[in-house]
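Reviewing the structure listed below.
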Protein chains: 2
Amino acid sequence: MNKSNALEQILSPTSVAIAGVAPARAGQFNTGQLFLDTILEYGFKGRVYPLNPKGGEFSGLKVYASVKDVPEPVDYVICCIRAPLVPQLINDCAAKGVKAVCVFTAGFSEIGSEEGRELEAEIGRLAQATGVRIIGPNCMGIYSPKAGLSFATDLPKDSGRVALICQSGGNTLYLVRAAAERGVRFSKVVSYGNACDIDESDLLEYFIQDTETEIVAAYIEGVNDGRRFHRVLKGLSAVKPVVVLKGGSTRAGRGAAASHTGALAGSDQVWESLLEQTGAVRVHSLDELVDMMVTFRYMPVPQGRRVAILGVGGGATVLATDECAAAGFALPPLPQEIQQELLSAVGSNAGNILGNPLDIPPVLSSDEKYRELLRTVLRWDGIDFLLYQVPLRGIMLSLSVACSIFDSQMGNIIKVSGESIKPVAVVMHYLTSAESWQAASDFQRKIYEAGLPVYHSTASAVKAIDRLLRYHQRHEILRGACPERRKVLRSPEVARGSPKATPTSE
Amino acid sequence: MNKSNALEQILSPTSVAIAGVAPARAGQFNTGQLFLDTILEYGFKGRVYPLNPKGGEFSGLKVYASVKDVPEPVDYVICCIRAPLVPQLINDCAAKGVKAVCVFTAGFSEIGSEEGRELEAEIGRLAQATGVRIIGPNCMGIYSPKAGLSFATDLPKDSGRVALICQSGGNTLYLVRAAAERGVRFSKVVSYGNACDIDESDLLEYFIQDTETEIVAAYIEGVNDGRRFHRVLKGLSAVKPVVVLKGGSTRAGRGAAASHTGALAGSDQVWESLLEQTGAVRVHSLDELVDMMVTFRYMPVPQGRRVAILGVGGGATVLATDECAAAGFALPPLPQEIQQELLSAVGSNAGNILGNPLDIPPVLSSDEKYRELLRTVLRWDGIDFLLYQVPLRGIMLSLSVACSIFDSQMGNIIKVSGESIKPVAVVMHYLTSAESWQAASDFQRKIYEAGLPVYHSTASAVKAIDRLLRYHQRHEILRGACPERRKVLRSPEVARGSPKATPTSE
């Protein structure tokens, strides 16, 4: 089957077989069994067939000796058998009419031996010859919530608009779990490993037309065909935001990438200019990749770079101001009349700082007064967006008392932001103990369910929002259009600086 | 009382009075009551006296109308009454022979009014005239576990070797809580606010001779006397590591600092060269400040910049390699004979990468084999330290299964690192859900109890270890000594770069 046409079906299989399901040896795991149990527990709605030459029964299911013995059609096979046995499995799959095989098995080009490279080349040739598409080897394969297919039981069951392709299984698991905590849900996720057949370009090309996907995130160590990758990435970036983390950006890292996925990683300079030319957004860590998924998904594009910071804690707002300024955002001073309005809303308590940043200790105003203050700030035409900071363990109160206060403040923010067209981003920071992470997790759910982006530091929030603004500015120039809604106004502080955000060094 | 002589007593009071304890108004808190209950719950062993002109009883204690009415001596007064009433309290404290007053009350120079500035100057003059030392105003005061005194109930009860001075109460609370989770314990912590009397220089000078303190951390927005600060910081840095986070490093941030603590923040250039000249270590975020407390406390100084990365997850080790290289660390390739030794220890499983970085999936070796592998790596004279990475939610297993595996690996690391003189740093990362933070918290306790430093990302670990190496290199040059133990070898990768660590851009 042609790769591009195949992907639509491959990413939504209705029947799955797992090759290499066997009893675990003492103190170890059988990954075939792990995949099987994961698929069942996650709730795959299609048919599932364990495979093992010895037959028998596993997790209540009949085990078939070969994929060819399965009485019904099989769409997708997860391969957990040893590397030298994989070519035979591909041939069996071809005979059975299987659409794709996810080769979880490692021990191919990444081990660096001639044998490993040849074995990988062989299964690549088999894919070409038979039309059985291969994902991997050395990968986790497909997470497709709509199809009910997952490689971990704790990934969200509901679908979303973000697609992820990832050359590392561990990074895939982290990225999905971390982004899910902040409200990102996925259309399709592919952990694609060594990419001997279906590669990064095939996947990115598929997402150009995939109507379920609005945002694409990628962790890539190396590409098979630089020219095609450039063309496809440019085509995809023209229609959807694409965020790329390049693994192996240093010489040493490229060596590590070769051992990991056999990737020919390419120099960092080449990558920098490639991503720049194609209009993709480059990030430099997994957490930045998560931040951009959250930002493209939840943060409306501010009209410009003027921000008001509202938070709790004088020190926190001082540092936030530094971080905003360093990222090229301006904090316009609150005009006298706005200060007066705020003063009449919340009164003249000694702890209140009614400037910009604004610091209103949480115990010093009622819900009604706080909402009045919020409305006044958001109405003020001197700012383009609001950053709201919650310093969860930066106050002396016990966590439970702090939570009850922040909970009502959060309710006010959610209510008032819903009435305003101005973007509001929430920074949930000063997290320390496991208990505070539990509280943060509950808050985060409320925040993203209300449609707001949530970050874990002001620095990461403003870095992400800066990238969002640059992305839209760049793509409007590319399109020759500049709708008022998305116009990026430059503050004097930014105009002075270099085109990239750098810390103000005065 | 003379400030420097006074601090020893002030930081270990044996009796405390709280001015302004009153019933809370509906939906609000009375901070006096909050301080009172906190001190009692934390377990202060001295006497505690609530003060309120109306008298009565609070939390089971008799309330005195004035500090002068307390029948026994009072060392330390926490002032939660309104700003205009503070001068009278200082006078009463002078009459009573109180040593120091922590003025929690806000509404002084930080509000920017002539009135506020004058009131602050007045209490400063009163401190000078009466000898009653003032901490603050606009601060939390003293956390001194040895004295049993705290401003939050959840701060550790055991003492340690790190002192912290902090111009923000919220930042103080976060720093202590975050550092405590990673094993840092404190000698004395002072949240000192606007610093109208006891200031940053007084405190730093005190820590020069304080034998309980080995490491000093500081969050500073502005200084009262630049020349003295320079002299004191230089003197302190000569004998103990001092780590400084400057709040208000940008022009906008300086404005915010003025509203927060009335600080005259000074240009960032001046600060950069001041910290460079004095030999203090500058950091740029609260989390970097915590990382340096952990590093100076738990990380032995490696002999050089050659690191081995041992972890789980190919993608994680690729990114870790990039991060090490970008921070100026070298990952020497594993020599053939070491690879052979490792191979004979753990066997030739397909998932193992026996290079540098090393990636050994947790299910592929027994405890005994894993310890053999660890011993071989640590014996190898090609490296100066080991980074061990735990990707808690970067594997497909459920959290509880993952934890049981990582727990035994961690046991092996702790055991083997105890036998080796080579430093081992642990990176506990890929934390996502609240449950994974709970597991991480339990692991962290084991790690720091075994005397190892723990970090939440490889990037932050290598940044901190880079600062540690630079610190010792610099201070050995200053001292004209270069003991073999602490010699900082430069890898070729570093020698090529700029003196500051910058990402390798090739």
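Chain identifiers are assigned as A, B, and so on, following the order in which chains appear in the structure tokens; residues are numbered from 1 within each chain, and ligands are numbered from 1 in order of appearance.
Per DSSP on the backbone, strand (DSSP E) in stretch 296-413 of chain A comprises Val307, Ala308, Ile309, Leu310, Gly311, Ile353, Leu354, Leu358, Asp359, Phe385, Leu386, Leu387, Tyr388, Gln389, Val390 and Pro391 of chain A.
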Write out as a ChimeraX atom specification every residue belonging to chain B that has an atom at most 7 Å from any atom of chain A, counting only C-alpha atoms.
/B:28-29,106-107,151-152,168,170-171,173-174,177-178,181,247-250,252-253,256-257,259-260,267-269,313-316,318-319,321-322,325,350-351,353,357,363-364,393-396,430,432-434,437-438,441,504-506
Extract, using only C-alpha atoms, all DNA, RNA and protein residues at most 12 Å from A:Ile90, discarding same-chain residues fewer than 2 positions from it, and format them as a PDB file with C-alpha atoms, in the first residue's frame.
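The resulting file, result15.pdb, is shown below:
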ATOM      1  CA  ALA A  19       3.844 -10.924  18.087  1.00  0.00           C
ATOM      2  CA  SER A  66       1.255 -17.159  13.459  1.00  0.00           C
ATOM      3  CA  VAL A  67      -0.494 -14.036  12.212  1.00  0.00           C
ATOM      4  CA  LYS A  68      -1.462 -16.151   9.216  1.00  0.00           C
ATOM      5  CA  TYR A  76      -1.820  -3.648  12.737  1.00  0.00           C
ATOM      6  CA  VAL A  77       0.823  -5.880  14.260  1.00  0.00           C
ATOM      7  CA  ILE A  78       3.011  -4.942  17.212  1.00  0.00           C
ATOM      8  CA  CYS A  79       6.277  -6.820  16.926  1.00  0.00           C
ATOM      9  CA  ILE A  81      10.035 -10.741  18.873  1.00  0.00           C
ATOM     10  CA  ALA A  83      15.372  -8.796  15.691  1.00  0.00           C
ATOM     11  CA  PRO A  84      16.559 -11.711  13.503  1.00  0.00           C
ATOM     12  CA  LEU A  85      12.991 -13.056  13.401  1.00  0.00           C
ATOM     13  CA  VAL A  86      11.419  -9.805  12.188  1.00  0.00           C
ATOM     14  CA  PRO A  87      11.866 -10.368   8.399  1.00  0.00           C
ATOM     15  CA  GLN A  88       9.845 -13.584   8.563  1.00  0.00           C
ATOM     16  CA  ASP A  92       3.814 -13.464   7.160  1.00  0.00           C
ATOM     17  CA  CYS A  93       2.081 -10.094   7.540  1.00  0.00           C
ATOM     18  CA  ALA A  94       2.257  -9.584   3.786  1.00  0.00           C
ATOM     19  CA  ALA A  95       0.642 -12.958   3.262  1.00  0.00           C
ATOM     20  CA  LYS A  96      -2.079 -12.048   5.759  1.00  0.00           C
ATOM     21  CA  GLY A  97      -2.752  -8.599   4.280  1.00  0.00           C
ATOM     22  CA  VAL A  98      -1.665  -6.681   7.383  1.00  0.00           C
ATOM     23  CA  LYS A  99      -1.455  -2.924   6.740  1.00  0.00           C
ATOM     24  CA  ALA A 100       1.360  -2.000   9.126  1.00  0.00           C
ATOM     25  CA  VAL A 101       3.788  -3.426  11.647  1.00  0.00           C
ATOM     26  CA  CYS A 102       5.086  -1.464  14.591  1.00  0.00           C
ATOM     27  CA  VAL A 103       8.508  -2.955  15.265  1.00  0.00           C
ATOM     28  CA  GLU A 122      16.343  -5.828   4.873  1.00  0.00           C
ATOM     29  CA  ILE A 123      13.064  -5.062   6.635  1.00  0.00           C
ATOM     30  CA  GLY A 124      12.992  -1.674   4.885  1.00  0.00           C
ATOM     31  CA  ARG A 125      13.292  -3.480   1.534  1.00  0.00           C
ATOM     32  CA  LEU A 126      10.587  -5.932   2.601  1.00  0.00           C
ATOM     33  CA  ALA A 127       8.248  -3.034   3.390  1.00  0.00           C
ATOM     34  CA  GLN A 128       8.890  -1.595  -0.079  1.00  0.00           C
ATOM     35  CA  ALA A 129       8.411  -4.948  -1.762  1.00  0.00           C
ATOM     36  CA  THR A 130       5.358  -6.172   0.139  1.00  0.00           C
ATOM     37  CA  GLY A 131       3.597  -2.882   0.876  1.00  0.00           C
ATOM     38  CA  VAL A 132       3.387  -3.791   4.580  1.00  0.00           C
ATOM     39  CA  ARG A 133       4.320  -0.474   6.141  1.00  0.00           C
ATOM     40  CA  ILE A 134       6.770  -0.502   9.052  1.00  0.00           C
ATOM     41  CA  ILE A 135       6.786   1.902  11.971  1.00  0.00           C
TER      42      ILE A 135
END
Just list as a PyMOL selection string whatever in stretch 30-230 of chain B DSSP marks as helix (DSSP H, G or I).
chain B and resi 31-42+67-69+83-96+109-111+114-130+145-147+169-181+200-209+226-230
If you measure from atom CA of A:Leu289 to atom CA of A:Arg228, what distance in Å do you get, rounded to one decimal?
23.4 Å
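The two atoms in question, atom CA of B:His230 and atom CA of B:Asp210, are spaced 19.1 Å apart.
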If we count only C-alpha atoms and set the cut-off at 12 Å, which residues sit around B:Glu449, ignoring sequence neighbours fewer than 5 positions away in its own chain? Please answer as a ChimeraX atom specification.
/B:180-185,298,411,414,418,442-444,454
Serialized selection, C-alpha atoms, as a PDB file, in the first residue's frame:
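Writing the result to part_37.pdb gives the following:
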ATOM      1  CA  ALA B 180      14.027  21.180  51.931  1.00  0.00           C
ATOM      2  CA  GLU B 181      12.432  18.686  49.530  1.00  0.00           C
ATOM      3  CA  ARG B 182      15.917  18.041  48.144  1.00  0.00           C
ATOM      4  CA  GLY B 183      17.658  17.696  51.490  1.00  0.00           C
ATOM      5  CA  VAL B 184      18.818  21.232  52.251  1.00  0.00           C
ATOM      6  CA  ARG B 185      18.490  22.217  55.885  1.00  0.00           C
ATOM      7  CA  TYR B 298      25.725  17.601  48.411  1.00  0.00           C
ATOM      8  CA  GLY B 411      19.437   1.164  46.003  1.00  0.00           C
ATOM      9  CA  ILE B 414      23.364   4.472  46.575  1.00  0.00           C
ATOM     10  CA  GLY B 418      29.095   4.904  48.751  1.00  0.00           C
ATOM     11  CA  ASP B 442      10.102   9.564  48.411  1.00  0.00           C
ATOM     12  CA  PHE B 443      13.061   8.796  46.131  1.00  0.00           C
ATOM     13  CA  GLN B 444      14.593  12.198  46.798  1.00  0.00           C
ATOM     14  CA  VAL B 454      19.294  15.375  43.294  1.00  0.00           C
TER      15      VAL B 454
END
